[in-house]
file my_file.txt (compact mmCIF, C-alpha atoms)
# COMPACT_ATOMS: atom_id res chain seq x y z
CA MET A 1 51.36 201.34 75.94
CA GLN A 2 52.74 204.14 73.82
CA LEU A 3 50.77 206.75 75.84
CA ARG A 4 51.55 205.10 79.15
CA VAL A 5 55.29 205.09 78.50
CA ARG A 6 55.17 208.66 77.24
CA ALA A 7 53.48 209.70 80.51
CA LEU A 8 56.15 207.82 82.45
CA GLU A 9 58.92 209.60 80.57
CA THR A 10 57.31 213.01 81.11
CA VAL A 11 56.81 212.47 84.84
CA LEU A 12 60.37 211.17 85.39
CA THR A 13 61.79 214.07 83.38
CA GLU A 14 59.71 216.72 85.19
CA LYS A 15 60.75 215.29 88.52
CA GLY A 16 64.37 215.66 87.51
CA TYR A 17 65.23 211.94 87.69
CA ILE A 18 66.23 211.48 84.08
CA ASP A 19 67.74 213.47 81.23
CA PRO A 20 65.71 212.51 78.14
CA ALA A 21 68.78 213.20 76.00
CA ALA A 22 70.42 210.15 77.59
CA LEU A 23 67.71 207.81 76.29
CA ASP A 24 68.55 207.80 72.59
CA PRO A 25 72.21 206.81 73.11
CA ILE A 26 71.07 203.84 75.22
CA ILE A 27 68.67 202.70 72.50
CA GLU A 28 71.28 203.25 69.80
CA ALA A 29 73.84 201.17 71.69
CA TYR A 30 71.52 198.17 71.80
CA GLU A 31 70.22 198.56 68.26
CA THR A 32 73.55 199.13 66.54
CA LYS A 33 76.57 198.33 68.72
CA ILE A 34 75.87 195.49 71.13
CA GLY A 35 74.85 192.24 69.49
CA PRO A 36 75.76 188.66 68.61
CA HIS A 37 78.53 189.82 66.29
CA ILE A 38 80.64 190.33 69.44
CA GLY A 39 80.14 186.75 70.61
CA ALA A 40 80.71 185.51 67.07
CA ARG A 41 84.11 187.22 66.97
CA ALA A 42 85.09 185.49 70.21
CA VAL A 43 83.94 182.09 68.96
CA ALA A 44 85.72 182.47 65.62
CA LYS A 45 88.94 183.45 67.36
CA ALA A 46 88.64 180.49 69.74
CA TRP A 47 88.25 178.20 66.73
CA SER A 48 91.42 179.60 65.14
CA ASP A 49 93.66 180.30 68.10
CA PRO A 50 94.16 177.60 70.76
CA SER A 51 95.65 180.00 73.28
CA PHE A 52 92.66 182.34 72.94
CA LYS A 53 90.35 179.37 73.34
CA ARG A 54 92.07 178.45 76.60
CA ALA A 55 91.83 182.05 77.77
CA LEU A 56 88.14 182.21 76.84
CA LEU A 57 87.29 179.03 78.74
CA ASP A 58 89.43 180.18 81.66
CA ASP A 59 87.97 183.71 82.00
CA ALA A 60 85.62 184.83 79.25
CA THR A 61 85.28 188.36 80.66
CA LYS A 62 89.01 188.99 80.27
CA ALA A 63 89.34 187.14 76.97
CA VAL A 64 86.50 189.03 75.24
CA LEU A 65 88.08 192.32 76.31
CA THR A 66 91.29 191.42 74.47
CA LEU A 67 89.33 191.28 71.20
CA GLY A 68 89.16 195.06 71.27
CA VAL A 69 85.52 195.08 70.05
CA VAL A 70 84.15 196.47 73.30
CA ASN A 71 85.70 198.69 75.94
CA ARG A 72 84.24 196.87 78.88
CA VAL A 73 82.69 193.48 79.57
CA GLY A 74 80.66 192.90 82.69
CA ASP A 75 82.10 190.50 85.21
CA HIS A 76 81.28 186.84 85.54
CA LEU A 77 81.02 185.87 81.86
CA ILE A 78 81.61 182.12 81.48
CA ALA A 79 82.14 180.23 78.20
CA VAL A 80 81.15 176.55 78.05
CA GLU A 81 82.43 174.29 75.30
CA ASN A 82 80.45 171.91 73.13
CA THR A 83 82.11 168.65 72.14
CA PRO A 84 80.92 165.64 70.11
CA LYS A 85 79.77 164.10 73.40
CA LEU A 86 78.40 167.17 75.18
CA HIS A 87 75.96 169.87 74.14
CA ASN A 88 75.41 172.92 76.34
CA MET A 89 72.24 175.01 76.50
CA ILE A 90 71.67 178.27 78.39
CA VAL A 91 68.41 179.33 80.05
CA CYS A 92 67.11 181.58 82.77
CA THR A 93 64.04 179.89 84.23
CA LEU A 94 63.37 182.69 86.72
CA CYS A 95 63.55 185.77 84.48
CA SER A 96 65.64 186.64 81.43
CA CYS A 97 69.34 186.55 82.41
CA TYR A 98 71.37 186.47 79.22
CA PRO A 99 74.94 187.37 78.22
CA TRP A 100 73.80 190.58 76.55
CA GLU A 101 77.21 192.16 76.41
CA VAL A 102 78.28 189.56 73.89
CA LEU A 103 74.90 188.63 72.36
CA GLY A 104 72.80 191.80 72.69
CA LEU A 105 69.33 191.84 74.19
CA PRO A 106 67.65 188.43 74.27
CA PRO A 107 65.07 187.43 71.65
CA VAL A 108 61.44 187.13 72.71
CA TRP A 109 61.50 183.33 72.67
CA TYR A 110 64.36 183.23 75.19
CA LYS A 111 62.22 185.22 77.65
CA SER A 112 59.04 183.26 76.87
CA SER A 113 57.25 180.79 79.13
CA PRO A 114 57.67 177.83 76.74
CA TYR A 115 61.47 178.15 76.68
CA ARG A 116 61.89 178.95 80.36
CA SER A 117 59.67 176.06 81.41
CA ARG A 118 60.92 173.37 79.05
CA ALA A 119 64.65 173.95 78.63
CA VAL A 120 65.46 172.29 81.96
CA ASN A 121 63.40 169.13 81.56
CA ASP A 122 62.89 168.70 77.83
CA PRO A 123 65.94 170.17 76.10
CA ARG A 124 65.72 167.74 73.17
CA GLY A 125 62.11 168.77 72.64
CA VAL A 126 63.17 172.41 72.66
CA LEU A 127 65.94 171.65 70.17
CA ALA A 128 63.35 169.93 67.97
CA ASP A 129 61.33 173.17 67.99
CA PHE A 130 64.44 174.79 66.52
CA GLY A 131 64.84 172.02 63.96
CA VAL A 132 67.93 170.64 65.67
CA THR A 133 68.49 166.94 66.29
CA LEU A 134 71.56 165.82 68.18
CA PRO A 135 73.05 162.32 68.12
CA ALA A 136 71.42 160.11 70.78
CA ASP A 137 74.76 159.63 72.55
CA THR A 138 75.41 163.38 72.91
CA LYS A 139 74.82 164.35 76.51
CA ILE A 140 72.95 167.56 77.21
CA ARG A 141 73.93 170.01 79.90
CA VAL A 142 71.55 172.85 80.71
CA TRP A 143 72.86 175.92 82.57
CA ASP A 144 70.16 177.77 84.48
CA SER A 145 71.37 181.37 84.94
CA THR A 146 70.09 181.85 88.48
CA ALA A 147 72.73 184.38 89.61
CA GLU A 148 74.79 187.18 88.03
CA THR A 149 77.07 184.74 86.26
CA ARG A 150 76.36 184.70 82.52
CA PHE A 151 77.01 181.91 80.06
CA ILE A 152 77.90 181.71 76.40
CA VAL A 153 78.24 178.46 74.48
CA LEU A 154 81.38 177.82 72.45
CA PRO A 155 79.93 175.68 69.65
CA MET A 156 81.94 173.13 67.67
CA ARG A 157 83.76 174.38 64.59
CA PRO A 158 82.03 173.05 61.48
CA GLY A 159 83.99 170.69 59.24
CA GLY A 160 85.23 171.87 55.87
CA THR A 161 86.48 175.19 57.22
CA GLU A 162 90.19 174.45 57.33
CA GLY A 163 92.28 177.50 56.58
CA TRP A 164 89.35 179.92 56.93
CA SER A 165 90.07 183.39 58.31
CA GLU A 166 88.50 184.48 61.60
CA GLU A 167 86.29 186.93 59.70
CA LYS A 168 84.97 184.17 57.48
CA LEU A 169 84.51 181.78 60.42
CA ALA A 170 82.54 184.43 62.32
CA ARG A 171 79.90 184.34 59.58
CA LEU A 172 79.12 180.74 60.57
CA VAL A 173 78.43 181.62 64.18
CA THR A 174 74.73 182.19 64.80
CA ARG A 175 73.24 183.74 67.92
CA ASP A 176 71.34 180.54 68.67
CA SER A 177 74.53 178.46 68.43
CA MET A 178 75.92 180.55 71.31
CA ILE A 179 72.76 179.94 73.39
CA GLY A 180 72.77 176.24 72.58
CA THR A 181 69.45 176.12 70.73
CA GLY A 182 71.14 176.01 67.38
CA LEU A 183 74.27 174.87 65.58
CA PRO A 184 76.71 176.97 63.56
CA LYS A 185 76.00 177.32 59.86
CA THR A 186 77.71 174.94 57.49
CA PRO A 187 80.23 176.25 54.95
CA GLY A 188 77.65 175.76 52.19
CA GLU A 189 75.20 178.11 53.91
CA VAL A 190 77.50 181.12 53.75
CA ALA A 191 79.21 180.45 50.42
CA MET B 1 58.44 183.55 96.37
CA ASP B 2 56.65 180.60 94.82
CA GLY B 3 55.29 182.60 91.90
CA VAL B 4 54.49 181.89 88.28
CA HIS B 5 57.81 183.46 87.29
CA ASP B 6 59.52 180.32 88.65
CA MET B 7 58.52 178.19 85.68
CA GLY B 8 61.35 175.67 85.24
CA GLY B 9 59.78 172.28 84.53
CA MET B 10 56.17 173.45 84.22
CA HIS B 11 54.02 171.89 81.51
CA GLY B 12 51.47 173.35 79.16
CA PHE B 13 53.17 176.41 77.70
CA GLY B 14 53.55 174.83 74.28
CA LYS B 15 56.22 175.06 71.63
CA VAL B 16 59.04 177.56 71.54
CA GLU B 17 58.21 179.92 68.68
CA ALA B 18 61.22 181.78 67.32
CA GLU B 19 60.63 184.86 65.17
CA GLN B 20 62.77 185.06 62.04
CA ASP B 21 64.93 188.19 61.73
CA GLU B 22 63.57 189.51 64.98
CA PRO B 23 64.19 193.23 65.62
CA VAL B 24 65.84 194.31 68.89
CA PHE B 25 62.65 196.15 69.87
CA HIS B 26 59.17 195.62 68.43
CA SER B 27 57.82 199.14 68.92
CA ASP B 28 58.91 202.58 69.90
CA TRP B 29 57.47 202.34 73.41
CA GLU B 30 59.63 199.28 74.08
CA ARG B 31 62.71 201.30 73.10
CA ARG B 32 61.78 204.20 75.36
CA LEU B 33 60.76 201.97 78.25
CA TYR B 34 63.98 200.00 78.16
CA ALA B 35 66.04 203.20 78.13
CA LEU B 36 63.93 204.69 80.94
CA TYR B 37 64.52 201.63 83.04
CA ARG B 38 68.28 201.81 82.44
CA ALA B 39 68.37 205.53 83.21
CA MET B 40 66.41 205.06 86.44
CA SER B 41 68.59 202.12 87.50
CA PHE B 42 71.63 204.37 87.04
CA THR B 43 70.29 206.77 89.70
CA GLY B 44 70.73 204.01 92.28
CA VAL B 45 67.11 204.03 93.45
CA TRP B 46 66.76 200.28 93.04
CA THR B 47 68.88 197.20 92.51
CA ILE B 48 68.41 194.57 89.83
CA ASP B 49 67.00 192.18 92.43
CA GLU B 50 64.45 194.70 93.68
CA ALA B 51 63.37 195.21 90.07
CA ARG B 52 63.03 191.45 89.58
CA PHE B 53 61.06 191.09 92.79
CA ALA B 54 58.68 193.87 91.71
CA ARG B 55 57.91 191.95 88.49
CA GLU B 56 57.53 188.67 90.38
CA ARG B 57 54.90 190.32 92.59
CA LEU B 58 52.67 191.21 89.65
CA PRO B 59 49.41 189.24 89.85
CA PRO B 60 49.98 185.82 88.24
CA ASP B 61 47.41 186.36 85.50
CA VAL B 62 49.00 189.72 84.63
CA TYR B 63 52.51 188.24 84.66
CA LEU B 64 51.56 185.44 82.29
CA SER B 65 49.51 187.54 79.89
CA SER B 66 51.79 190.59 79.62
CA SER B 67 54.58 190.95 77.09
CA TYR B 68 58.11 191.12 78.44
CA TYR B 69 58.46 194.89 78.32
CA LYS B 70 54.92 195.40 79.60
CA LYS B 71 55.99 193.45 82.70
CA TRP B 72 58.98 195.78 83.00
CA GLU B 73 56.69 198.80 82.71
CA LEU B 74 54.29 197.49 85.34
CA GLY B 75 57.16 196.55 87.64
CA MET B 76 58.64 200.01 87.26
CA GLU B 77 55.31 201.69 88.08
CA LYS B 78 55.08 199.52 91.18
CA GLN B 79 58.62 200.45 92.25
CA LEU B 80 58.06 204.16 91.65
CA ALA B 81 54.95 204.04 93.82
CA GLU B 82 56.55 201.95 96.57
CA THR B 83 59.61 204.17 96.79
CA GLY B 84 57.49 207.33 96.67
CA LEU B 85 59.37 208.56 93.61
CA ALA B 86 56.25 208.96 91.49
CA GLY B 87 52.62 208.17 92.23
CA PRO B 88 49.94 206.50 90.12
CA ASP B 89 48.07 209.82 90.14
CA GLU B 90 51.01 211.48 88.40
CA LEU B 91 51.36 208.73 85.81
CA ALA B 92 47.61 208.98 85.17
CA ALA B 93 47.84 212.77 84.86
CA GLY B 94 50.82 212.49 82.54
CA HIS B 95 52.84 215.08 84.42
CA ALA B 96 54.44 215.62 87.82
CA LEU B 97 52.05 216.78 90.55
CA ARG B 98 54.72 217.04 93.26
CA PRO B 99 58.41 217.95 93.22
CA GLY B 100 60.84 215.07 92.70
CA LYS B 101 63.04 213.62 95.42
CA ALA B 102 66.76 214.35 95.38
CA LEU B 103 68.61 211.38 93.85
CA LYS B 104 72.30 210.47 94.07
CA ARG B 105 73.01 210.89 90.39
CA LYS B 106 71.45 211.34 86.99
CA LEU B 107 72.47 209.69 83.73
CA THR B 108 73.86 212.11 81.16
CA PRO B 109 74.39 211.25 77.48
CA ALA B 110 78.17 211.33 77.99
CA GLU B 111 77.99 208.63 80.64
CA VAL B 112 75.90 206.20 78.60
CA PRO B 113 78.86 204.23 77.15
CA ASN B 114 79.96 203.38 80.69
CA THR B 115 76.53 202.22 81.77
CA VAL B 116 75.76 199.71 79.06
CA THR B 117 78.03 197.17 80.73
CA ARG B 118 77.12 195.28 83.86
CA GLY B 119 78.70 196.11 87.14
CA SER B 120 80.46 193.55 89.27
CA PHE B 121 78.47 191.62 91.85
CA ALA B 122 81.57 190.16 93.52
CA ARG B 123 82.21 191.24 97.11
CA PRO B 124 84.80 190.42 99.79
CA ALA B 125 83.98 187.27 101.74
CA LYS B 126 83.24 187.28 105.47
CA ALA B 127 84.23 183.63 105.95
CA PRO B 128 85.89 180.82 103.98
CA ALA B 129 83.75 178.92 101.49
CA ARG B 130 81.96 176.00 103.14
CA PHE B 131 82.04 173.76 100.06
CA LYS B 132 84.57 172.85 97.40
CA PRO B 133 84.29 171.39 93.91
CA GLY B 134 83.32 167.73 94.07
CA ASP B 135 81.32 168.04 97.30
CA ARG B 136 77.88 166.49 97.34
CA VAL B 137 75.30 168.97 98.53
CA ARG B 138 71.57 169.04 99.06
CA THR B 139 69.60 172.17 98.30
CA LYS B 140 67.38 173.28 101.13
CA ASN B 141 63.64 172.90 100.96
CA ILE B 142 62.84 176.57 101.43
CA HIS B 143 59.74 178.50 100.42
CA PRO B 144 60.30 182.14 101.30
CA ALA B 145 57.44 184.48 100.43
CA THR B 146 60.10 186.97 99.31
CA HIS B 147 62.64 186.93 96.47
CA THR B 148 64.93 183.94 96.08
CA ARG B 149 67.05 182.62 93.24
CA LEU B 150 66.70 178.97 94.22
CA PRO B 151 64.17 177.67 91.70
CA ARG B 152 61.42 175.35 92.95
CA TYR B 153 62.45 172.46 90.72
CA ALA B 154 65.89 172.36 92.39
CA ARG B 155 64.85 172.45 96.05
CA GLY B 156 65.57 169.50 98.31
CA ARG B 157 67.73 167.88 95.60
CA VAL B 158 71.17 166.33 95.78
CA GLY B 159 73.82 167.61 93.41
CA VAL B 160 77.55 168.10 93.09
CA VAL B 161 79.45 171.34 93.50
CA GLU B 162 81.16 171.89 90.18
CA THR B 163 82.74 175.33 90.52
CA LEU B 164 83.17 178.01 93.14
CA ARG B 165 82.27 181.32 91.46
CA GLY B 166 83.40 183.71 94.19
CA CYS B 167 81.50 185.67 96.79
CA HIS B 168 78.55 187.66 95.41
CA VAL B 169 75.76 190.02 96.45
CA PHE B 170 72.95 187.86 97.90
CA PRO B 171 69.72 188.50 95.98
CA ASP B 172 67.47 187.18 98.75
CA THR B 173 68.42 190.01 101.12
CA VAL B 174 69.17 192.82 98.69
CA ALA B 175 65.75 192.42 97.05
CA ILE B 176 63.98 193.28 100.29
CA GLY B 177 66.23 196.11 101.40
CA ARG B 178 68.24 194.05 103.89
CA GLY B 179 71.61 194.76 102.38
CA GLU B 180 74.03 192.90 100.12
CA ASP B 181 75.00 190.26 102.71
CA PRO B 182 77.56 188.69 100.30
CA GLN B 183 77.56 184.90 100.01
CA TRP B 184 79.68 182.29 98.25
CA LEU B 185 78.25 181.27 94.91
CA TYR B 186 78.61 177.80 93.38
CA THR B 187 77.66 176.07 90.17
CA VAL B 188 75.81 172.98 91.41
CA ARG B 189 75.09 170.20 88.91
CA PHE B 190 72.20 167.75 89.17
CA ASP B 191 71.39 164.59 87.26
CA GLY B 192 68.19 164.92 85.29
CA ARG B 193 66.68 161.96 87.17
CA GLU B 194 67.31 163.60 90.53
CA LEU B 195 65.20 166.53 89.36
CA TRP B 196 62.57 164.89 87.18
CA GLY B 197 62.48 161.24 88.17
CA GLU B 198 62.61 158.18 85.98
CA SER B 199 61.08 159.85 82.96
CA ALA B 200 64.06 162.18 82.58
CA GLU B 201 66.49 161.63 79.77
CA PRO B 202 69.25 159.50 81.39
CA SER B 203 72.16 161.66 80.26
CA LEU B 204 70.59 165.05 81.11
CA GLN B 205 72.44 167.27 83.53
CA VAL B 206 71.16 170.62 84.77
CA SER B 207 73.06 173.15 86.83
CA ILE B 208 71.99 176.13 88.84
CA GLU B 209 74.05 178.93 90.33
CA ALA B 210 73.49 178.38 94.03
CA PHE B 211 74.31 180.72 96.90
CA GLU B 212 75.79 179.05 99.97
CA PRO B 213 72.72 179.60 102.22
CA TYR B 214 70.73 177.43 99.77
CA LEU B 215 73.01 174.44 100.41
CA GLU B 216 73.75 171.84 103.07
CA PRO B 217 76.15 168.87 102.98
CA ALA B 218 74.68 165.67 101.53

call {"tool": "encode", "arguments": {"input": "my_file.txt", "output": "structure tokens"}}
result
Amino acid sequence: MQLRVRALETVLTEKGYIDPAALDPIIEAYETKIGPHIGARAVAKAWSDPSFKRALLDDATKAVLTLGVVNRVGDHLIAVENTPKLHNMIVCTLCSCYPWEVLGLPPVWYKSSPYRSRAVNDPRGVLADFGVTLPADTKIRVWDSTAETRFIVLPMRPGGTEGWSEEKLARLVTRDSMIGTGLPKTPGEVA
Amino acid sequence: MDGVHDMGGMHGFGKVEAEQDEPVFHSDWERRLYALYRAMSFTGVWTIDEARFARERLPPDVYLSSSYYKKWELGMEKQLAETGLAGPDELAAGHALRPGKALKRKLTPAEVPNTVTRGSFARPAKAPARFKPGDRVRTKNIHPATHTRLPRYARGRVGVVETLRGCHVFPDTVAIGRGEDPQWLYTVRFDGRELWGESAEPSLQVSIEAFEPYLEPA
């Protein structure tokens, strides 16, 4: 594949379609700037600030912008809230749609056939693959990202974190907890 | 199209295997390929839905056995050939054999920060929305041979309109060069048993983002 992609780059450059100098900044953005730390900041702020939480659930695109971490957020970002009675999980059964502006590029498993096939009819089985067991009376809601709307899960704030700063809370927020295949870390895990 | 890409509810793919401390890219060619794709998309030669449709049209065995970025590479080769932007002979030769076509724009390093965010897919509506939150709707039983975002598992099923998401570019037409034809978009929620029958977990609910042409009153 290395040779094939090199040939592709050479042909597109020679034809004048691309400027190869623009490629490294794209790669750098995704490897160093855009990632789950952005979503984690939003979640931690929602846990600490009720008015931000309302704003996030009302219009996540606008709310994430106010964090000042990124200059722009693509339209149609939607935050969905977990409660003791409801657990949300995000999938794209048709391809790989994912809220990459707040979580970065999706992991391989998210784009894999097992996840895309099973999330919609066996979410508890998928959660078991991730070592997560939910109470039997917690309802599960799966969001299939079949359009250009994008979803991020607002997980529940772990107990024992009273008085924690947003920075400290953000360390509890895992990528998978914002997809719905995981839960936030417990205070003991980050101590 | 009823392809293998539409895999919601299929059996037999096994467990979800998560990689610990997974890197953003697994090899240098993945990095370059991803950036090439983004740079080419910036020129305006194809839309996201055309790119998806190109990958969906890969032979099923190739689709299922190729890694994610290999599918992107193959889809891109297909699009370059179909649009006449670059031929398989040139990719095989490793250099251009014919002059390039004139494109609308070219991505420069200075413009990269503005291109790593998604554009808006919202468009002005031509008519009022046909449905409102709370309405019961049935998805149509359609099987177009072209691109659609109505997954097979949710066709011919009764659900409830949960939210109106605005009027958006319609993937089914834009993917085949028939224009954006904006349509109202809804979150439609289904009970697990409506989708999967009696074996479904009783409390399961699944939603799709459904464009108005996919829906009829129920």

call {"tool": "closest_residue", "arguments": {"input": "my_file.txt", "among": "B:Gly156, B:Pro182, B:Pro202, B:Pro144", "to": "chain A", "atoms": "all atoms listed in the file"}}
result
B:Pro202

call {"tool": "closest_residue", "arguments": {"input": "my_file.txt", "among": "B:Val16, B:Leu107, B:Ala145, B:Ala92", "to": "Arg57 (chain B)", "atoms": "all atoms listed in the file"}}
result
B:Ala145

call {"tool": "interface_residues", "arguments": {"input": "my_file.txt", "of": "chain A", "to": "chain B", "cutoff": "7 Å", "atoms": "only C-alpha atoms", "output": "number ranges by chain"}}
result
A: 1-2, 5, 7-8, 10-11, 14-19, 21-23, 25-27, 31, 72-75, 93-95, 101, 105, 109, 113-118, 120-121, 126, 129, 139-148

call {"tool": "atom_distance", "arguments": {"input": "my_file.txt", "atom1": "CA of Leu154 (chain A)", "atom2": "CA of Ser177 (chain A)"}}
result
8.0 Å

call {"tool": "atom_distance", "arguments": {"input": "my_file.txt", "atom1": "CA of Asn82 (chain A)", "atom2": "CA of Ala60 (chain A)"}}
result
15.2 Å

call {"tool": "atom_distance", "arguments": {"input": "my_file.txt", "atom1": "CA of Ile152 (chain A)", "atom2": "CA of Ile90 (chain A)"}}
result
7.4 Å

call {"tool": "residues_around", "arguments": {"input": "my_file.txt", "residues": "Ala191 (chain A)", "least_positions_apart": "3", "cutoff": "12 Å", "atoms": "all atoms listed in the file", "output": "list in words"}}
result
Gly160, Thr161, Lys168, Leu169, Arg171, Leu172, Lys185, Thr186, Pro187 and Gly188 of chain A

call {"tool": "decode", "arguments": {"input": "my_file.txt", "residues": "region 49-125 of chain B", "atoms": "C-alpha atoms", "output": "compact mmCIF listing (two decimals), in the first residue's frame"}}
result
# COMPACT_ATOMS: atom_id res chain seq x y z
CA ASP B 49 -21.89 11.00 -0.54
CA GLU B 50 -20.22 10.32 -3.88
CA ALA B 51 -17.15 9.13 -1.96
CA ARG B 52 -19.32 6.85 0.20
CA PHE B 53 -21.10 5.47 -2.85
CA ALA B 54 -17.77 4.71 -4.53
CA ARG B 55 -16.72 2.61 -1.51
CA GLU B 56 -20.12 0.89 -1.37
CA ARG B 57 -19.66 -0.17 -5.00
CA LEU B 58 -16.43 -2.04 -4.28
CA PRO B 59 -16.94 -5.78 -4.83
CA PRO B 60 -18.40 -7.27 -1.63
CA ASP B 61 -15.44 -9.58 -1.03
CA VAL B 62 -13.04 -6.65 -1.43
CA TYR B 63 -15.13 -4.42 0.86
CA LEU B 64 -15.20 -7.01 3.63
CA SER B 65 -11.55 -8.02 3.41
CA SER B 66 -9.96 -4.58 3.04
CA SER B 67 -8.87 -2.40 5.93
CA TYR B 68 -10.71 0.88 6.40
CA TYR B 69 -8.14 3.08 4.70
CA LYS B 70 -7.58 0.53 1.94
CA LYS B 71 -11.29 0.89 1.14
CA TRP B 72 -10.78 4.66 1.02
CA GLU B 73 -7.82 4.22 -1.33
CA LEU B 74 -9.75 1.90 -3.64
CA GLY B 75 -12.77 4.19 -3.59
CA MET B 76 -10.58 7.16 -4.45
CA GLU B 77 -8.97 5.31 -7.38
CA LYS B 78 -12.44 4.47 -8.64
CA GLN B 79 -13.58 8.10 -8.36
CA LEU B 80 -10.46 9.43 -10.08
CA ALA B 81 -11.04 7.05 -12.97
CA GLU B 82 -14.78 7.74 -13.21
CA THR B 83 -14.31 11.50 -13.18
CA GLY B 84 -11.43 11.30 -15.65
CA LEU B 85 -9.12 13.07 -13.21
CA ALA B 86 -6.51 10.32 -13.23
CA GLY B 87 -6.46 6.95 -14.95
CA PRO B 88 -5.41 3.51 -13.72
CA ASP B 89 -2.58 3.63 -16.27
CA GLU B 90 -1.16 6.71 -14.56
CA LEU B 91 -1.45 5.22 -11.08
CA ALA B 92 0.27 2.08 -12.38
CA ALA B 93 3.01 4.16 -14.01
CA GLY B 94 3.46 6.20 -10.85
CA HIS B 95 3.40 9.51 -12.69
CA ALA B 96 1.04 11.64 -14.77
CA LEU B 97 0.75 10.61 -18.42
CA ARG B 98 -1.67 13.40 -19.37
CA PRO B 99 -2.12 16.99 -18.20
CA GLY B 100 -4.48 17.50 -15.27
CA LYS B 101 -7.94 19.03 -15.55
CA ALA B 102 -8.52 22.54 -14.27
CA LEU B 103 -10.10 22.38 -10.80
CA LYS B 104 -11.98 25.07 -8.87
CA ARG B 105 -9.47 25.35 -6.07
CA LYS B 106 -6.45 23.76 -4.49
CA LEU B 107 -5.73 23.30 -0.79
CA THR B 108 -2.78 25.33 0.46
CA PRO B 109 -1.09 24.80 3.84
CA ALA B 110 -2.51 28.13 5.08
CA GLU B 111 -6.06 26.98 4.45
CA VAL B 112 -5.76 23.67 6.29
CA PRO B 113 -7.04 24.97 9.67
CA ASN B 114 -10.30 25.98 7.99
CA THR B 115 -10.79 22.64 6.29
CA VAL B 116 -10.49 20.30 9.25
CA THR B 117 -14.02 21.18 10.32
CA ARG B 118 -17.11 19.91 8.60
CA GLY B 119 -19.19 22.15 6.44
CA SER B 120 -22.88 22.66 6.97
CA PHE B 121 -25.32 20.36 5.20
CA ALA B 122 -28.36 22.48 6.09
CA ARG B 123 -30.18 24.10 3.17
CA PRO B 124 -33.30 26.28 2.75
CA ALA B 125 -36.51 24.26 2.60
